[in-house]
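*Asks:* Please find one structure pasted underneath; my questions will follow.
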Amino acid sequence: MDSARKKPFTLTRDNGKLSLGQRIFYEENGFILFPRLMPMDVLKKCDQRFEEIASGKIPKGTMIVMKDVKDRKSVNKIQDFVFDDVLKEYIEHKDILDVVESFTGPNIMAMHTMLIAKPPDVGFGSSRHPPHQDLYYFPFRSEDKIVAAWTAIEECNIENGCLYVLPGSHKKYPLLPHVYPPGSVNKLYHGIQDLKEPLNWVYLKMDPGDTVFFHPKLIHGSGVNKSKGTRKAISAHYAASDCHYIEVDGTVQQSIKEEVLEVAKRKYPGVEINFADVWRIKSGIVRGIRSSL
């Protein structure tokens with residue numbers, strides 16, 4: 001515990017990468033933004049790689065290419081690129097991992113990877129991602145050794161559907177039930193439906209290279225893209241390699257487990273696969289030593 005702070009630090013570690021003020025801000029709010037953290041040359045290569053994969057110029061391999069539920073010509077996301085030679089430059093970048101280490105410790109797994117190209121909405125609101133907690137998707141713990149890194153490739157603002165976050169919600173709320181909201185949203189875009197009290201959302205307007213790190217229980221979402229262009233961003237969820245898998249049957253995560261396994265069985269027909277296996281397949285060590293995960 002720092003002498004300037006009465007409460008012990010539980011979410012951050014003193015590895016010299018975060019200032020005292022940054023540590024306090026993250027502990028209290030559940031997120032912290034670093035302006036211009038990622039160099040543009042890396043982001044430009046990632047952007048070009050997205051276009052090559054989305055257009056079919058190069059094979060997707062084990063990556064998942066997702067299309068908008070209403071505009072089937074529009075690729076809105078590429079997932080699970082931890083082994084792609086180009087896109088892994090982002091998830092293994094020293095500037096990202098040095099900050100991640102402040103939350104996870106020195107042994108770091110990249111668990112979930114996404115390049116999101118939120119397309120212009122075609123009038124159904126499908127480009128929005130309703131308020132949610134990322135921990136809902138993850139069958140591993142400890143939650144306090146998991147962190148997301150989310151970097152703007154293009155300018156992100158309210159018009160094109162930037163992230164919005166609910167500061168402090170990682171401490172105030174447990175892991176809440178998530179369901180598909182009324183109306184049209186994309187596959188696996190579950191959301192929290194019972195946030196009824198006044199909510200002080202903070203909209204994260206970001207320039208290319210800006211990177212926000214946030215806790216997996218932080219409630220956040222993104223709005224409809226009302227612009228005429230995409231809103232591209234690249235993201236990875238990291239966890240300490242000594243985290244462990246848990247059983248989620250009988251919890252609020254059972255429904256997402258069942259939906260993910262339906263997708264996995266179509267992708268790997270005839271293969272016996274469980275929820276933890278899905279995550280083992282698409283994750284990889286990026287710093288230090290692999291252990292439980």
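Order determines the names: the first chain of the structure tokens is A, the second B, and so forth; residues in each chain are numbered 1 upward, and ligands are numbered 1 upward as they are shown.
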Just list the residues in stretch 41-245 of chain A DSSP gives strand (DSSP E) on the backbone, as a tab-separated table (two decimals) with all heavy atoms, in the first residue's frame.

*Replies:*
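Output below, filename selection-v8.tsv:
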```
chain	number	residue	atom	x	y	z
A	64	ILE	N	-11.43	-15.96	-37.49
A	64	ILE	CA	-12.86	-15.84	-37.74
A	64	ILE	C	-13.13	-14.50	-38.41
A	64	ILE	O	-12.70	-13.45	-37.90
A	64	ILE	CB	-13.67	-15.95	-36.43
A	64	ILE	CG1	-13.50	-17.33	-35.80
A	64	ILE	CG2	-15.15	-15.66	-36.68
A	64	ILE	CD1	-14.16	-17.48	-34.44
A	65	VAL	N	-13.79	-14.53	-39.55
A	65	VAL	CA	-14.18	-13.32	-40.26
A	65	VAL	C	-15.68	-13.16	-40.11
A	65	VAL	O	-16.46	-14.00	-40.54
A	65	VAL	CB	-13.80	-13.40	-41.75
A	65	VAL	CG1	-14.29	-12.17	-42.50
A	65	VAL	CG2	-12.29	-13.55	-41.90
A	66	MET	N	-16.09	-12.07	-39.45
A	66	MET	CA	-17.50	-11.86	-39.14
A	66	MET	C	-18.07	-10.74	-40.02
A	66	MET	O	-17.41	-9.73	-40.26
A	66	MET	CB	-17.67	-11.50	-37.66
A	66	MET	CG	-17.15	-12.57	-36.72
A	66	MET	SD	-17.35	-12.15	-34.97
A	66	MET	CE	-19.14	-12.27	-34.81
A	67	LYS	N	-19.31	-10.96	-40.49
A	67	LYS	CA	-20.00	-9.97	-41.31
A	67	LYS	C	-21.18	-9.38	-40.55
A	67	LYS	O	-21.74	-10.01	-39.67
A	67	LYS	CB	-20.47	-10.61	-42.62
A	67	LYS	CG	-19.32	-11.07	-43.50
A	67	LYS	CD	-19.81	-11.61	-44.83
A	67	LYS	CE	-18.66	-12.03	-45.72
A	67	LYS	NZ	-19.11	-12.56	-47.02
A	75	VAL	N	-17.65	-6.80	-43.82
A	75	VAL	CA	-16.92	-7.48	-42.76
A	75	VAL	C	-16.73	-6.50	-41.61
A	75	VAL	O	-16.15	-5.42	-41.79
A	75	VAL	CB	-15.55	-7.99	-43.24
A	75	VAL	CG1	-14.73	-8.55	-42.08
A	75	VAL	CG2	-15.73	-9.05	-44.32
A	76	ASN	N	-17.27	-6.84	-40.45
A	76	ASN	CA	-17.17	-5.92	-39.32
A	76	ASN	C	-16.11	-6.30	-38.30
A	76	ASN	O	-15.79	-5.51	-37.41
A	76	ASN	CB	-18.52	-5.73	-38.62
A	76	ASN	CG	-19.06	-7.02	-38.02
A	76	ASN	OD1	-18.32	-7.94	-37.68
A	76	ASN	ND2	-20.38	-7.10	-37.87
A	77	LYS	N	-15.56	-7.52	-38.41
A	77	LYS	CA	-14.61	-7.94	-37.39
A	77	LYS	C	-13.81	-9.15	-37.86
A	77	LYS	O	-14.34	-10.03	-38.54
A	77	LYS	CB	-15.34	-8.30	-36.09
A	77	LYS	CG	-14.43	-8.61	-34.91
A	77	LYS	CD	-15.22	-9.18	-33.73
A	77	LYS	CE	-16.21	-8.21	-33.16
A	77	LYS	NZ	-16.86	-8.76	-31.95
A	78	ILE	N	-12.53	-9.17	-37.49
A	78	ILE	CA	-11.70	-10.37	-37.62
A	78	ILE	C	-11.22	-10.73	-36.22
A	78	ILE	O	-10.73	-9.87	-35.49
A	78	ILE	CB	-10.50	-10.12	-38.56
A	78	ILE	CG1	-10.98	-9.94	-40.00
A	78	ILE	CG2	-9.50	-11.27	-38.49
A	78	ILE	CD1	-9.90	-9.53	-40.95
A	79	GLN	N	-11.41	-11.99	-35.85
A	79	GLN	CA	-11.07	-12.45	-34.51
A	79	GLN	C	-10.01	-13.55	-34.56
A	79	GLN	O	-9.83	-14.23	-35.57
A	79	GLN	CB	-12.31	-13.02	-33.81
A	79	GLN	CG	-13.32	-12.00	-33.38
A	79	GLN	CD	-14.40	-12.60	-32.51
A	79	GLN	OE1	-15.29	-11.89	-32.06
A	79	GLN	NE2	-14.35	-13.89	-32.25
A	108	ILE	N	2.45	-13.34	-19.46
A	108	ILE	CA	1.25	-12.78	-20.10
A	108	ILE	C	0.78	-13.65	-21.26
A	108	ILE	O	1.55	-13.97	-22.16
A	108	ILE	CB	1.53	-11.36	-20.62
A	108	ILE	CG1	2.11	-10.47	-19.52
A	108	ILE	CG2	0.27	-10.74	-21.20
A	108	ILE	CD1	2.61	-9.11	-20.02
A	109	MET	N	-0.51	-13.99	-21.22
A	109	MET	CA	-1.17	-14.67	-22.33
A	109	MET	C	-2.06	-13.70	-23.08
A	109	MET	O	-2.77	-12.90	-22.46
A	109	MET	CB	-2.05	-15.81	-21.80
A	109	MET	CG	-1.30	-16.95	-21.15
A	109	MET	SD	-0.49	-18.01	-22.35
A	109	MET	CE	-1.92	-18.72	-23.19
A	110	ALA	N	-2.02	-13.75	-24.41
A	110	ALA	CA	-3.04	-13.07	-25.23
A	110	ALA	C	-4.17	-14.05	-25.42
A	110	ALA	O	-4.02	-15.09	-26.05
A	110	ALA	CB	-2.45	-12.65	-26.57
A	111	MET	N	-5.34	-13.74	-24.86
A	111	MET	CA	-6.46	-14.68	-24.81
A	111	MET	C	-7.48	-14.47	-25.92
A	111	MET	O	-8.07	-15.42	-26.42
A	111	MET	CB	-7.16	-14.59	-23.45
A	111	MET	CG	-6.27	-14.90	-22.26
A	111	MET	SD	-5.56	-16.56	-22.30
A	111	MET	CE	-7.03	-17.58	-22.17
A	112	HIS	N	-7.71	-13.21	-26.28
A	112	HIS	CA	-8.75	-12.92	-27.26
A	112	HIS	C	-8.30	-11.72	-28.07
A	112	HIS	O	-7.89	-10.69	-27.51
A	112	HIS	CB	-10.07	-12.62	-26.56
A	112	HIS	CG	-11.22	-12.41	-27.49
A	112	HIS	ND1	-11.51	-13.25	-28.53
A	112	HIS	CD2	-12.17	-11.43	-27.54
A	112	HIS	CE1	-12.58	-12.82	-29.18
A	112	HIS	NE2	-12.99	-11.72	-28.60
A	113	THR	N	-8.36	-11.82	-29.40
A	113	THR	CA	-7.87	-10.76	-30.27
A	113	THR	C	-8.92	-10.38	-31.30
A	113	THR	O	-9.61	-11.25	-31.85
A	113	THR	CB	-6.59	-11.23	-30.99
A	113	THR	OG1	-6.80	-12.54	-31.55
A	113	THR	CG2	-5.42	-11.31	-30.01
A	114	MET	N	-9.04	-9.09	-31.57
A	114	MET	CA	-10.07	-8.61	-32.50
A	114	MET	C	-9.55	-7.39	-33.27
A	114	MET	O	-8.89	-6.54	-32.69
A	114	MET	CB	-11.33	-8.17	-31.75
A	114	MET	CG	-12.01	-9.22	-30.92
A	114	MET	SD	-13.53	-8.58	-30.13
A	114	MET	CE	-12.83	-7.38	-28.97
A	115	LEU	N	-9.85	-7.32	-34.54
A	115	LEU	CA	-9.73	-6.08	-35.30
A	115	LEU	C	-11.14	-5.75	-35.77
A	115	LEU	O	-11.76	-6.51	-36.51
A	115	LEU	CB	-8.78	-6.22	-36.48
A	115	LEU	CG	-8.26	-4.88	-37.04
A	115	LEU	CD1	-6.96	-5.05	-37.79
A	115	LEU	CD2	-9.29	-4.15	-37.90
A	116	ILE	N	-11.65	-4.64	-35.28
A	116	ILE	CA	-13.05	-4.26	-35.47
A	116	ILE	C	-13.13	-3.12	-36.47
A	116	ILE	O	-12.48	-2.09	-36.30
A	116	ILE	CB	-13.69	-3.83	-34.13
A	116	ILE	CG1	-13.42	-4.88	-33.04
A	116	ILE	CG2	-15.18	-3.58	-34.28
A	116	ILE	CD1	-13.48	-4.33	-31.64
A	117	ALA	N	-13.94	-3.31	-37.50
A	117	ALA	CA	-14.12	-2.26	-38.51
A	117	ALA	C	-15.59	-1.87	-38.53
A	117	ALA	O	-16.30	-2.13	-39.50
A	117	ALA	CB	-13.68	-2.74	-39.88
A	118	LYS	N	-16.04	-1.27	-37.44
A	118	LYS	CA	-17.46	-0.92	-37.33
A	118	LYS	C	-17.90	-0.19	-38.59
A	118	LYS	O	-17.46	0.94	-38.87
A	118	LYS	CB	-17.69	-0.05	-36.10
A	118	LYS	CG	-19.17	0.24	-35.83
A	118	LYS	CD	-19.34	1.28	-34.73
A	118	LYS	CE	-19.09	0.74	-33.35
A	118	LYS	NZ	-20.22	-0.06	-32.85
A	129	HIS	N	-22.82	-1.98	-30.09
A	129	HIS	CA	-22.57	-3.07	-29.16
A	129	HIS	C	-23.14	-2.64	-27.82
A	129	HIS	O	-22.63	-1.69	-27.21
A	129	HIS	CB	-21.08	-3.39	-29.04
A	129	HIS	CG	-20.81	-4.71	-28.40
A	129	HIS	ND1	-19.62	-5.37	-28.52
A	129	HIS	CD2	-21.59	-5.50	-27.63
A	129	HIS	CE1	-19.68	-6.52	-27.86
A	129	HIS	NE2	-20.86	-6.61	-27.30
A	130	PRO	N	-24.21	-3.28	-27.34
A	130	PRO	CA	-24.87	-2.82	-26.12
A	130	PRO	C	-23.95	-2.93	-24.90
A	130	PRO	O	-22.93	-3.63	-24.95
A	130	PRO	CB	-26.07	-3.77	-26.00
A	130	PRO	CG	-25.70	-4.97	-26.80
A	130	PRO	CD	-24.84	-4.48	-27.91
A	131	PRO	N	-24.29	-2.25	-23.82
A	131	PRO	CA	-23.45	-2.29	-22.62
A	131	PRO	C	-23.22	-3.73	-22.16
A	131	PRO	O	-24.14	-4.53	-22.06
A	131	PRO	CB	-24.27	-1.51	-21.59
A	131	PRO	CG	-25.13	-0.60	-22.40
A	131	PRO	CD	-25.47	-1.38	-23.63
A	132	HIS	N	-21.96	-4.04	-21.84
A	132	HIS	CA	-21.61	-5.40	-21.45
A	132	HIS	C	-20.34	-5.39	-20.61
A	132	HIS	O	-19.65	-4.37	-20.50
A	132	HIS	CB	-21.40	-6.28	-22.69
A	132	HIS	CG	-20.29	-5.83	-23.57
A	132	HIS	ND1	-20.39	-4.75	-24.43
A	132	HIS	CD2	-19.01	-6.29	-23.73
A	132	HIS	CE1	-19.26	-4.57	-25.07
A	132	HIS	NE2	-18.39	-5.49	-24.65
A	140	PHE	N	-12.24	-17.97	-17.40
A	140	PHE	CA	-11.00	-18.05	-16.64
A	140	PHE	C	-10.94	-16.89	-15.65
A	140	PHE	O	-11.58	-15.86	-15.82
A	140	PHE	CB	-9.77	-18.06	-17.56
A	140	PHE	CG	-9.79	-17.03	-18.66
A	140	PHE	CD1	-9.29	-15.75	-18.46
A	140	PHE	CD2	-10.31	-17.34	-19.91
A	140	PHE	CE1	-9.30	-14.81	-19.47
A	140	PHE	CE2	-10.33	-16.40	-20.94
A	140	PHE	CZ	-9.83	-15.13	-20.71
A	141	ARG	N	-10.21	-17.10	-14.60
A	141	ARG	CA	-10.07	-16.17	-13.50
A	141	ARG	C	-8.61	-16.23	-13.02
A	141	ARG	O	-7.91	-17.18	-13.31
A	141	ARG	CB	-11.03	-16.52	-12.35
A	141	ARG	CG	-12.52	-16.53	-12.70
A	141	ARG	CD	-13.04	-15.14	-13.05
A	141	ARG	NE	-14.50	-15.14	-13.20
A	141	ARG	CZ	-15.14	-15.41	-14.33
A	141	ARG	NH1	-14.45	-15.72	-15.44
A	141	ARG	NH2	-16.45	-15.38	-14.38
A	146	ILE	N	-6.77	-9.90	-15.48
A	146	ILE	CA	-7.18	-9.82	-16.88
A	146	ILE	C	-7.33	-8.34	-17.24
A	146	ILE	O	-7.83	-7.54	-16.43
A	146	ILE	CB	-8.53	-10.53	-17.11
A	146	ILE	CG1	-8.46	-11.99	-16.66
A	146	ILE	CG2	-8.95	-10.44	-18.57
A	146	ILE	CD1	-9.82	-12.67	-16.61
A	147	VAL	N	-6.90	-7.97	-18.43
A	147	VAL	CA	-7.05	-6.58	-18.87
A	147	VAL	C	-7.20	-6.56	-20.38
A	147	VAL	O	-6.66	-7.40	-21.09
A	147	VAL	CB	-5.83	-5.72	-18.42
A	147	VAL	CG1	-4.58	-6.11	-19.18
A	147	VAL	CG2	-6.13	-4.22	-18.56
A	148	ALA	N	-7.97	-5.59	-20.86
A	148	ALA	CA	-8.12	-5.36	-22.30
A	148	ALA	C	-7.26	-4.18	-22.71
A	148	ALA	O	-7.13	-3.20	-21.98
A	148	ALA	CB	-9.58	-5.07	-22.64
A	149	ALA	N	-6.67	-4.30	-23.91
A	149	ALA	CA	-6.04	-3.15	-24.57
A	149	ALA	C	-6.82	-2.90	-25.86
A	149	ALA	O	-7.05	-3.83	-26.64
A	149	ALA	CB	-4.57	-3.45	-24.89
A	150	TRP	N	-7.24	-1.67	-26.08
A	150	TRP	CA	-8.11	-1.32	-27.22
A	150	TRP	C	-7.53	-0.06	-27.85
A	150	TRP	O	-7.47	0.99	-27.21
A	150	TRP	CB	-9.52	-1.08	-26.71
A	150	TRP	CG	-10.64	-1.07	-27.70
A	150	TRP	CD1	-11.52	-2.08	-27.96
A	150	TRP	CD2	-11.07	0.05	-28.53
A	150	TRP	NE1	-12.44	-1.67	-28.90
A	150	TRP	CE2	-12.20	-0.39	-29.27
A	150	TRP	CE3	-10.59	1.34	-28.72
A	150	TRP	CZ2	-12.86	0.44	-30.17
A	150	TRP	CZ3	-11.24	2.18	-29.62
A	150	TRP	CH2	-12.37	1.72	-30.32
A	151	THR	N	-7.10	-0.16	-29.11
A	151	THR	CA	-6.38	0.93	-29.78
A	151	THR	C	-7.14	1.40	-31.00
A	151	THR	O	-7.55	0.60	-31.84
A	151	THR	CB	-4.97	0.45	-30.20
A	151	THR	OG1	-4.24	0.03	-29.04
A	151	THR	CG2	-4.21	1.56	-30.91
A	152	ALA	N	-7.29	2.71	-31.11
A	152	ALA	CA	-7.93	3.30	-32.29
A	152	ALA	C	-6.99	3.24	-33.48
A	152	ALA	O	-5.83	3.65	-33.39
A	152	ALA	CB	-8.33	4.74	-32.01
A	163	LEU	N	-16.23	4.00	-28.16
A	163	LEU	CA	-16.51	3.31	-26.90
A	163	LEU	C	-17.10	4.29	-25.89
A	163	LEU	O	-16.74	5.47	-25.86
A	163	LEU	CB	-15.21	2.74	-26.30
A	163	LEU	CG	-14.56	1.53	-26.94
A	163	LEU	CD1	-13.31	1.15	-26.15
A	163	LEU	CD2	-15.52	0.35	-27.01
A	164	TYR	N	-18.00	3.77	-25.06
A	164	TYR	CA	-18.41	4.51	-23.86
A	164	TYR	C	-18.26	3.58	-22.67
A	164	TYR	O	-18.42	2.36	-22.78
A	164	TYR	CB	-19.84	5.05	-23.98
A	164	TYR	CG	-20.90	4.03	-24.30
A	164	TYR	CD1	-21.49	3.26	-23.29
A	164	TYR	CD2	-21.35	3.84	-25.61
A	164	TYR	CE1	-22.49	2.32	-23.58
A	164	TYR	CE2	-22.32	2.91	-25.90
A	164	TYR	CZ	-22.89	2.16	-24.88
A	164	TYR	OH	-23.87	1.23	-25.18
A	165	VAL	N	-17.88	4.15	-21.52
A	165	VAL	CA	-17.60	3.35	-20.33
A	165	VAL	C	-18.35	3.93	-19.14
A	165	VAL	O	-18.69	5.11	-19.11
A	165	VAL	CB	-16.09	3.30	-20.03
A	165	VAL	CG1	-15.33	2.68	-21.20
A	165	VAL	CG2	-15.53	4.68	-19.71
A	202	VAL	N	-19.10	7.81	-19.89
A	202	VAL	CA	-18.00	8.62	-20.41
A	202	VAL	C	-17.69	8.12	-21.82
A	202	VAL	O	-17.44	6.93	-22.02
A	202	VAL	CB	-16.74	8.51	-19.52
A	202	VAL	CG1	-15.55	9.18	-20.20
A	202	VAL	CG2	-17.01	9.15	-18.15
A	203	TYR	N	-17.74	9.01	-22.80
A	203	TYR	CA	-17.48	8.65	-24.19
A	203	TYR	C	-16.00	8.88	-24.48
A	203	TYR	O	-15.47	9.97	-24.24
A	203	TYR	CB	-18.36	9.47	-25.13
A	203	TYR	CG	-19.80	9.07	-25.05
A	203	TYR	CD1	-20.64	9.57	-24.04
A	203	TYR	CD2	-20.34	8.15	-25.94
A	203	TYR	CE1	-21.96	9.17	-23.95
A	203	TYR	CE2	-21.66	7.75	-25.86
A	203	TYR	CZ	-22.46	8.26	-24.86
A	203	TYR	OH	-23.77	7.86	-24.76
A	211	THR	N	-4.71	4.40	-26.90
A	211	THR	CA	-5.00	3.06	-26.40
A	211	THR	C	-5.61	3.15	-25.01
A	211	THR	O	-5.06	3.83	-24.13
A	211	THR	CB	-3.73	2.20	-26.34
A	211	THR	OG1	-3.15	2.14	-27.64
A	211	THR	CG2	-4.03	0.79	-25.87
A	212	VAL	N	-6.74	2.48	-24.82
A	212	VAL	CA	-7.37	2.41	-23.51
A	212	VAL	C	-7.21	0.99	-22.98
A	212	VAL	O	-7.37	0.01	-23.71
A	212	VAL	CB	-8.85	2.84	-23.57
A	212	VAL	CG1	-9.69	1.94	-24.46
A	212	VAL	CG2	-9.45	2.89	-22.15
A	213	PHE	N	-6.86	0.89	-21.70
A	213	PHE	CA	-6.79	-0.38	-20.99
A	213	PHE	C	-7.93	-0.41	-19.99
A	213	PHE	O	-8.17	0.57	-19.29
A	213	PHE	CB	-5.45	-0.51	-20.26
A	213	PHE	CG	-4.26	-0.52	-21.17
A	213	PHE	CD1	-3.70	0.68	-21.62
A	213	PHE	CD2	-3.69	-1.71	-21.60
A	213	PHE	CE1	-2.59	0.69	-22.47
A	213	PHE	CE2	-2.59	-1.71	-22.44
A	213	PHE	CZ	-2.05	-0.52	-22.88
A	214	PHE	N	-8.65	-1.56	-19.91
A	214	PHE	CA	-9.77	-1.60	-18.97
A	214	PHE	C	-9.99	-2.97	-18.36
A	214	PHE	O	-9.62	-4.00	-18.94
A	214	PHE	CB	-11.06	-1.05	-19.59
A	214	PHE	CG	-11.50	-1.69	-20.88
A	214	PHE	CD1	-12.36	-2.76	-20.89
A	214	PHE	CD2	-11.07	-1.18	-22.11
A	214	PHE	CE1	-12.78	-3.34	-22.07
A	214	PHE	CE2	-11.49	-1.75	-23.29
A	214	PHE	CZ	-12.36	-2.83	-23.28
A	220	HIS	N	-19.20	-1.37	-20.46
A	220	HIS	CA	-18.87	-0.50	-21.58
A	220	HIS	C	-19.64	-0.98	-22.81
A	220	HIS	O	-20.22	-2.06	-22.83
A	220	HIS	CB	-17.37	-0.52	-21.86
A	220	HIS	CG	-16.86	-1.86	-22.32
A	220	HIS	ND1	-16.74	-2.93	-21.47
A	220	HIS	CD2	-16.47	-2.31	-23.55
A	220	HIS	CE1	-16.29	-3.98	-22.14
A	220	HIS	NE2	-16.12	-3.64	-23.41
A	221	GLY	N	-19.65	-0.17	-23.83
A	221	GLY	CA	-20.30	-0.52	-25.08
A	221	GLY	C	-19.83	0.43	-26.16
A	221	GLY	O	-18.90	1.20	-25.97
A	222	SER	N	-20.49	0.39	-27.31
A	222	SER	CA	-20.20	1.34	-28.37
A	222	SER	C	-21.48	1.63	-29.14
A	222	SER	O	-22.37	0.79	-29.22
A	222	SER	CB	-19.11	0.82	-29.32
A	222	SER	OG	-19.54	-0.33	-30.01
A	231	ARG	N	-15.08	2.66	-38.51
A	231	ARG	CA	-14.44	3.06	-37.26
A	231	ARG	C	-13.58	1.88	-36.83
A	231	ARG	O	-14.02	1.00	-36.12
A	231	ARG	CB	-15.48	3.39	-36.20
A	231	ARG	CG	-14.92	4.01	-34.91
A	231	ARG	CD	-15.46	3.34	-33.68
A	231	ARG	NE	-15.07	1.94	-33.61
A	231	ARG	CZ	-15.51	1.08	-32.70
A	231	ARG	NH1	-16.39	1.44	-31.82
A	231	ARG	NH2	-15.10	-0.19	-32.70
A	232	LYS	N	-12.33	1.88	-37.30
A	232	LYS	CA	-11.47	0.72	-37.09
A	232	LYS	C	-10.70	0.84	-35.78
A	232	LYS	O	-10.20	1.91	-35.43
A	232	LYS	CB	-10.50	0.54	-38.24
A	232	LYS	CG	-11.15	0.01	-39.51
A	232	LYS	CD	-10.13	-0.17	-40.61
A	232	LYS	CE	-10.79	-0.69	-41.89
A	232	LYS	NZ	-9.86	-0.70	-43.03
A	233	ALA	N	-10.60	-0.30	-35.12
A	233	ALA	CA	-9.82	-0.40	-33.88
A	233	ALA	C	-9.30	-1.82	-33.77
A	233	ALA	O	-9.86	-2.76	-34.35
A	233	ALA	CB	-10.69	-0.05	-32.67
A	234	ILE	N	-8.22	-1.98	-33.02
A	234	ILE	CA	-7.64	-3.30	-32.79
A	234	ILE	C	-7.53	-3.51	-31.28
A	234	ILE	O	-7.24	-2.58	-30.54
A	234	ILE	CB	-6.28	-3.45	-33.50
A	234	ILE	CG1	-5.79	-4.90	-33.41
A	234	ILE	CG2	-5.26	-2.46	-32.98
A	234	ILE	CD1	-4.61	-5.20	-34.34
A	235	SER	N	-7.82	-4.74	-30.85
A	235	SER	CA	-7.95	-4.99	-29.42
A	235	SER	C	-7.44	-6.38	-29.07
A	235	SER	O	-7.51	-7.31	-29.88
A	235	SER	CB	-9.43	-4.86	-29.02
A	235	SER	OG	-9.62	-5.21	-27.67
A	236	ALA	N	-6.93	-6.49	-27.84
A	236	ALA	CA	-6.54	-7.80	-27.31
A	236	ALA	C	-6.86	-7.84	-25.83
A	236	ALA	O	-6.72	-6.83	-25.13
A	236	ALA	CB	-5.06	-8.07	-27.53
A	237	HIS	N	-7.32	-9.00	-25.38
A	237	HIS	CA	-7.49	-9.25	-23.95
A	237	HIS	C	-6.33	-10.12	-23.47
A	237	HIS	O	-6.03	-11.14	-24.08
A	237	HIS	CB	-8.81	-9.95	-23.67
A	237	HIS	CG	-10.00	-9.07	-23.84
A	237	HIS	ND1	-10.62	-8.88	-25.06
A	237	HIS	CD2	-10.68	-8.30	-22.95
A	237	HIS	CE1	-11.64	-8.04	-24.90
A	237	HIS	NE2	-11.70	-7.68	-23.64
A	238	TYR	N	-5.73	-9.68	-22.40
A	238	TYR	CA	-4.58	-10.37	-21.84
A	238	TYR	C	-4.92	-10.90	-20.45
A	238	TYR	O	-5.74	-10.32	-19.73
A	238	TYR	CB	-3.39	-9.42	-21.73
A	238	TYR	CG	-2.91	-8.85	-23.03
A	238	TYR	CD1	-3.40	-7.63	-23.51
A	238	TYR	CD2	-1.95	-9.51	-23.79
A	238	TYR	CE1	-2.94	-7.10	-24.70
A	238	TYR	CE2	-1.49	-8.98	-24.99
A	238	TYR	CZ	-1.99	-7.77	-25.43
A	238	TYR	OH	-1.54	-7.25	-26.63
A	239	ALA	N	-4.25	-12.00	-20.07
A	239	ALA	CA	-4.41	-12.56	-18.74
A	239	ALA	C	-3.08	-13.09	-18.25
A	239	ALA	O	-2.22	-13.51	-19.05
A	239	ALA	CB	-5.44	-13.69	-18.75
A	240	ALA	N	-2.88	-13.05	-16.94
A	240	ALA	CA	-1.70	-13.69	-16.35
A	240	ALA	C	-1.75	-15.17	-16.68
A	240	ALA	O	-2.80	-15.81	-16.59
A	240	ALA	CB	-1.69	-13.47	-14.84
A	244	HIS	N	-6.66	-19.48	-14.13
A	244	HIS	CA	-7.14	-20.86	-14.27
A	244	HIS	C	-8.54	-20.86	-14.86
A	244	HIS	O	-9.29	-19.88	-14.74
A	244	HIS	CB	-7.17	-21.55	-12.90
A	244	HIS	CG	-8.07	-20.87	-11.91
A	244	HIS	ND1	-7.68	-19.74	-11.20
A	244	HIS	CD2	-9.35	-21.14	-11.52
A	244	HIS	CE1	-8.68	-19.35	-10.41
A	244	HIS	NE2	-9.70	-20.17	-10.60
A	245	TYR	N	-8.88	-21.97	-15.53
A	245	TYR	CA	-10.21	-22.12	-16.11
A	245	TYR	C	-11.21	-22.53	-15.03
A	245	TYR	O	-10.86	-23.21	-14.06
A	245	TYR	CB	-10.18	-23.15	-17.24
A	245	TYR	CG	-9.47	-22.64	-18.47
A	245	TYR	CD1	-8.18	-23.07	-18.77
A	245	TYR	CD2	-10.08	-21.73	-19.31
A	245	TYR	CE1	-7.51	-22.59	-19.89
A	245	TYR	CE2	-9.42	-21.24	-20.43
A	245	TYR	CZ	-8.14	-21.67	-20.72
A	245	TYR	OH	-7.49	-21.18	-21.81
```

*Asks:* I need the residues in stretch 57-290 of chain A that are alpha helix (DSSP H) according to DSSP; give them as a PyMOL selection string.

*Replies:* chain A and resi 88-91+94-104+169-172+254-267+275-281

*Asks:* Can you work out the spacing between atom CA of A:Arg287 and atom CA of A:Cys46 in Å, to one decimal?

*Replies:*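 Spanning atom CA of A:Arg287 to atom CA of A:Cys46 is a straight-line distance of 20.6 Å.
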
*Asks:* So which residues touch A:Ser102 within 9 Å, counting only C-alpha atoms, skipping near sequence neighbours fewer than 3 positions away, as a PDB file with C-alpha atoms, in the first residue's frame?

*Replies:*
```
ATOM      1  CA  LEU A  11      -5.636  -4.227  -9.571  1.00  0.00           C
ATOM      2  CA  THR A  12      -2.238  -2.767 -10.418  1.00  0.00           C
ATOM      3  CA  ARG A  13       1.389  -3.636  -9.729  1.00  0.00           C
ATOM      4  CA  ASP A  14       4.361  -1.398  -9.075  1.00  0.00           C
ATOM      5  CA  ASN A  15       6.548  -2.254 -12.057  1.00  0.00           C
ATOM      6  CA  GLY A  16       7.495   1.315 -12.917  1.00  0.00           C
ATOM      7  CA  LYS A  17       5.203   1.617 -15.950  1.00  0.00           C
ATOM      8  CA  LEU A  18       2.292   3.395 -14.254  1.00  0.00           C
ATOM      9  CA  ARG A  23      -2.615   3.448 -10.649  1.00  0.00           C
ATOM     10  CA  LEU A  97       2.931  -5.367 -23.029  1.00  0.00           C
ATOM     11  CA  ASP A  98       4.852  -3.051 -20.711  1.00  0.00           C
ATOM     12  CA  VAL A  99       1.554  -1.499 -19.624  1.00  0.00           C
ATOM     13  CA  GLY A 105       2.402  -9.469 -13.869  1.00  0.00           C
ATOM     14  CA  PRO A 106       5.317 -10.665 -16.034  1.00  0.00           C
TER      15      PRO A 106
END
```

*Asks:* Identify, on the basis of only C-alpha atoms, every residue whose closest approach to A:Arg280 does not exceed 8 Å; exclude the query and any residue fewer than 4 positions from it along the same chain; express the result as number ranges by chain.

*Replies:* A: 276, 284, 293

*Asks:* I'd like to know which of A:Gly30, A:Ile281, A:Val260, A:Leu87 is closest to A:Gln48, using only C-alpha atoms.

*Replies:*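 So, comparing all the options, the nearest one is A:Leu87.
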
*Asks:* For A:Ser227, work out the shell of residues within 10 Å, counting only C-alpha atoms and skipping chain neighbours fewer than 5 positions away, then give it as a ChimeraX atom specification.

*Replies:* /A:119-121,157-161
